[in-house]
>>> print(open('input.txt').read())   # compact mmCIF, C-alpha atoms
# COMPACT_ATOMS: atom_id res chain seq x y z
CA MET V 1 87.63 101.89 109.01
CA THR V 2 91.39 101.49 109.02
CA HIS V 3 93.46 104.00 110.98
CA PHE V 4 97.09 104.69 110.18
CA GLY V 5 99.79 107.06 111.32
CA THR V 6 98.53 107.81 114.81
CA GLU V 7 102.07 108.45 116.09
CA GLN V 8 102.42 111.72 114.17
CA LYS V 9 101.66 115.14 115.65
CA SER V 10 98.96 117.42 114.32
CA ILE V 11 99.79 120.80 112.84
CA ARG V 12 98.21 122.46 115.89
CA GLN V 13 97.94 120.93 119.33
CA GLY V 14 94.31 120.14 120.13
CA GLU V 15 93.13 120.78 116.56
CA THR V 16 89.77 119.23 115.85
CA LYS V 17 89.55 116.65 113.11
CA ILE V 18 88.64 117.81 109.62
CA SER V 19 87.42 115.95 106.55
CA TYR V 20 89.70 115.29 103.60
CA ASP V 21 87.59 117.66 101.49
CA GLU V 22 88.09 120.41 104.08
CA PHE V 23 91.82 119.65 104.14
CA LEU V 24 91.94 120.12 100.36
CA ARG V 25 89.96 123.39 100.55
CA LYS V 26 92.22 124.83 103.27
CA TYR V 27 95.61 123.47 102.24
CA SER V 28 95.78 122.89 98.48
CA ASP V 29 98.32 125.57 97.69
CA GLY V 30 101.51 123.49 97.74
CA GLU V 31 101.89 123.22 101.51
CA HIS V 32 104.16 120.45 102.77
CA LEU V 33 101.33 118.59 104.60
CA GLU V 34 99.56 115.25 104.87
CA TRP V 35 96.10 114.35 106.20
CA VAL V 36 96.11 111.47 108.71
CA ASN V 37 93.11 110.35 110.77
CA GLY V 38 91.39 113.69 110.21
CA LYS V 39 94.40 115.73 111.33
CA VAL V 40 96.70 117.94 109.31
CA ILE V 41 100.27 116.67 109.68
CA PRO V 42 103.21 118.88 108.70
CA LYS V 43 106.06 117.16 106.90
CA SER V 44 109.56 117.93 108.11
CA PRO V 45 111.87 120.04 105.98
CA VAL V 46 114.12 117.79 103.91
CA THR V 47 117.91 117.70 103.75
CA TRP V 48 119.93 118.62 100.69
CA GLY V 49 120.79 114.93 100.17
CA HIS V 50 117.12 113.89 100.37
CA GLU V 51 116.10 116.49 97.78
CA ASP V 52 119.05 115.62 95.54
CA VAL V 53 118.01 111.93 95.47
CA ARG V 54 114.32 112.84 95.00
CA LEU V 55 115.04 115.15 92.07
CA PHE V 56 117.34 112.56 90.47
CA LEU V 57 114.65 109.85 90.71
CA LEU V 58 111.89 112.23 89.62
CA THR V 59 113.88 113.40 86.59
CA LEU V 60 114.99 109.91 85.57
CA LEU V 61 111.51 108.41 85.94
CA ARG V 62 109.79 111.36 84.26
CA GLU V 63 112.10 111.25 81.23
CA TYR V 64 111.63 107.49 80.80
CA VAL V 65 107.85 107.71 81.19
CA LEU V 66 107.63 110.59 78.68
CA LEU V 67 109.90 108.80 76.20
CA LYS V 68 107.81 105.61 76.35
CA ASP V 69 104.44 107.46 76.76
CA LEU V 70 103.62 105.33 79.82
CA GLY V 71 101.73 107.80 81.98
CA THR V 72 102.46 110.64 84.41
CA VAL V 73 105.09 111.28 87.09
CA SER V 74 104.67 113.62 90.04
CA GLY V 75 105.72 113.95 93.64
CA GLU V 76 105.76 115.96 96.82
CA PRO V 77 103.80 118.12 97.68
CA TYR V 78 101.04 116.64 95.42
CA ASN V 79 98.70 114.56 97.58
CA MET V 80 97.48 110.98 97.02
CA LYS V 81 94.26 109.67 98.64
CA ILE V 82 94.25 105.91 98.00
CA GLY V 83 90.77 105.29 99.37
CA HIS V 84 88.20 105.70 102.12
CA GLY V 85 89.68 105.13 105.56
CA PHE V 86 93.21 105.90 104.35
CA PRO V 87 95.29 109.01 104.93
CA GLY V 88 96.05 111.59 102.26
CA ARG V 89 99.77 111.15 101.74
CA SER V 90 102.27 113.17 99.76
CA PRO V 91 104.83 110.69 98.39
CA ASP V 92 108.27 111.90 97.34
CA VAL V 93 107.83 110.37 93.86
CA MET V 94 104.85 108.67 92.21
CA PHE V 95 103.94 107.26 88.81
CA VAL V 96 100.41 106.92 87.41
CA ALA V 97 100.03 104.67 84.37
CA LYS V 98 98.15 105.94 81.30
CA ALA V 99 95.31 103.55 82.07
CA ASN V 100 94.82 105.26 85.46
CA ARG V 101 95.12 108.93 84.45
CA ALA V 102 91.42 109.43 85.25
CA ARG V 103 92.45 109.32 88.94
CA ILE V 104 94.35 112.59 88.59
CA ARG V 105 92.50 115.57 90.05
CA GLN V 106 93.80 119.13 90.21
CA GLU V 107 94.26 118.98 94.00
CA TYR V 108 95.07 115.28 94.58
CA LEU V 109 95.37 111.78 93.12
CA ASP V 110 92.04 110.02 93.71
CA GLY V 111 93.23 106.45 94.15
CA PRO V 112 96.56 104.68 94.35
CA ALA V 113 99.53 105.54 92.18
CA ASP V 114 100.98 102.60 90.30
CA LEU V 115 104.41 103.23 91.80
CA VAL V 116 105.33 105.23 94.91
CA GLY V 117 108.81 106.10 96.13
CA GLU V 118 109.69 107.52 99.54
CA ILE V 119 113.22 108.70 100.30
CA LEU V 120 114.17 107.30 103.70
CA SER V 121 115.67 109.41 106.44
CA THR V 122 116.66 108.57 109.98
CA LYS V 123 113.64 110.37 111.44
CA THR V 124 111.02 108.99 109.03
CA ARG V 125 112.39 105.48 108.42
CA ARG V 126 109.86 103.66 110.62
CA ILE V 127 106.89 105.62 109.26
CA ASP V 128 108.03 105.12 105.65
CA ARG V 129 108.97 101.43 105.95
CA GLU V 130 106.18 100.27 108.24
CA VAL V 131 103.22 102.64 108.41
CA LYS V 132 103.23 103.95 104.84
CA PHE V 133 104.20 100.55 103.41
CA ALA V 134 101.15 98.98 105.11
CA GLU V 135 98.88 101.79 103.87
CA TYR V 136 100.16 101.63 100.30
CA ASP V 137 100.01 97.82 100.23
CA SER V 138 96.46 97.72 101.62
CA GLY V 139 95.38 100.58 99.37
CA GLY V 140 96.43 99.03 96.06
CA VAL V 141 99.76 100.69 95.25
CA LYS V 142 101.40 98.11 92.97
CA GLU V 143 105.05 99.03 93.65
CA TYR V 144 106.57 100.83 96.64
>>> encode(input="input.txt", output="structure tokens")
Amino acid sequence: MTHFGTEQKSIRQGETKISYDEFLRKYSDGEHLEWVNGKVIPKSPVTWGHEDVRLFLLTLLREYVLLKDLGTVSGEPYNMKIGHGFPGRSPDVMFVAKANRARIRQEYLDGPADLVGEILSTKTRRIDREVKFAEYDSGGVKEY
């Protein structure tokens, strides 16, 4: 089993590990969280600039995808579980091609998105560029 993201802190100190299914049952109401190595990881609040860029990319991509009928666009806080042994991440922006729409579940994306975008910040740069890149690459995300 591959383990990623061990440098992040759990939502509660000393919290016992939970399954991904339990994570979805407890935290599938739009919380700003990820599931890494059995632990619930809170995501930091974003800056105005981060959200401005995310909304611009989300809007631009969504309009293009709708116009061309290519698939579906979503983003944070919707969760993506790319496979067994991988964390449940919540990318800033993601695209799922029409051919892969069957992966979309109400609570999470069951498999890799075809395209994932993360907005870099000073505090998350290493996690986004190294840890998440390795996860997404190993897990079958075609473009990151």
>>> closest_atom_pairs(input="input.txt", of="segment 14-53 of chain V", to="segment 119-142 of chain V", cutoff="10 Å", atoms="all atoms listed in the file", output="Markdown table")
| residue | atom | partner | partner_atom | distance |
| --- | --- | --- | --- | --- |
| V:Lys43 | CA | V:Thr124 | CA | 9.8 |
| V:Ser44 | CA | V:Thr124 | CA | 9.1 |
| V:Val46 | CA | V:Ser121 | CA | 8.9 |
| V:Thr47 | CA | V:Ser121 | CA | 9.0 |
| V:Gly49 | CA | V:Ser121 | CA | 9.8 |
| V:His50 | CA | V:Ile119 | CA | 6.5 |
| V:Glu51 | CA | V:Ile119 | CA | 8.7 |
| V:Val53 | CA | V:Ile119 | CA | 7.5 |
>>> write_last_selection(input="input.txt", atoms="C-alpha atoms", output="PDB file, keeping the file's coordinate frame")
ATOM      1  CA  LYS V  43     106.060 117.160 106.900  1.00  0.00           C
ATOM      2  CA  SER V  44     109.560 117.930 108.110  1.00  0.00           C
ATOM      3  CA  VAL V  46     114.120 117.790 103.910  1.00  0.00           C
ATOM      4  CA  THR V  47     117.910 117.700 103.750  1.00  0.00           C
ATOM      5  CA  GLY V  49     120.790 114.930 100.170  1.00  0.00           C
ATOM      6  CA  HIS V  50     117.120 113.890 100.370  1.00  0.00           C
ATOM      7  CA  GLU V  51     116.100 116.490  97.780  1.00  0.00           C
ATOM      8  CA  VAL V  53     118.010 111.930  95.470  1.00  0.00           C
TER       9      VAL V  53
END
>>> residues_near_point(input="input.txt", point="(100.3, 103.8, 90.5)", cutoff="8 Å", atoms="only C-alpha atoms", output="list in words")
Met94, Phe95, Val96, Ala97, Asn100, Pro112, Ala113, Asp114, Leu115, Val116, Val141, Lys142 and Glu143 of chain V
>>> closest_residue(input="input.txt", among="V:Leu24, V:Gly117, V:Asp92, V:Glu34", to="Arg105 of chain V", atoms="only C-alpha atoms")
V:Leu24
>>> closest_residue(input="input.txt", among="V:Lys98, V:Arg89, V:Leu33, V:Asp21", to="Lys68 of chain V", atoms="all atoms listed in the file")
V:Lys98
>>> atom_distance(input="input.txt", atom1="atom CA of Tyr20 of chain V", atom2="atom CA of Lys81 of chain V")
8.8 Å
>>> closest_residue(input="input.txt", among="V:Pro45, V:Leu55, V:Phe23, V:Ile18", to="Ser74 of chain V", atoms="all atoms listed in the file")
V:Leu55
>>> residues_around(input="input.txt", residues="Ser90 of chain V", least_positions_apart="5", cutoff="6 Å", atoms="only C-alpha atoms", output="mmCIF file with C-alpha atoms, keeping the file's coordinate frame")
data_model
loop_
_atom_site.group_PDB
_atom_site.id
_atom_site.type_symbol
_atom_site.label_atom_id
_atom_site.label_comp_id
_atom_site.auth_asym_id
_atom_site.auth_seq_id
_atom_site.Cartn_x
_atom_site.Cartn_y
_atom_site.Cartn_z
ATOM 1 C CA GLU V 76 105.760 115.960 96.820
ATOM 2 C CA PRO V 77 103.800 118.120 97.680
ATOM 3 C CA TYR V 78 101.040 116.640 95.420
ATOM 4 C CA ASN V 79 98.700 114.560 97.580
ATOM 5 C CA MET V 80 97.480 110.980 97.020
#
>>> atom_distance(input="input.txt", atom1="atom CA of Leu60 of chain V", atom2="atom CA of Val93 of chain V")
11.0 Å
>>> closest_residue(input="input.txt", among="V:Glu118, V:Glu22, V:Asp110, V:Glu63", to="Gly38 of chain V", atoms="all atoms listed in the file")
V:Glu22
>>> atom_distance(input="input.txt", atom1="atom CA of Glu31 of chain V", atom2="atom CA of Ser19 of chain V")
17.0 Å
>>> closest_residue(input="input.txt", among="V:Arg101, V:Arg25, V:Lys39, V:Arg62", to="Gly88 of chain V", atoms="all atoms listed in the file")
V:Lys39
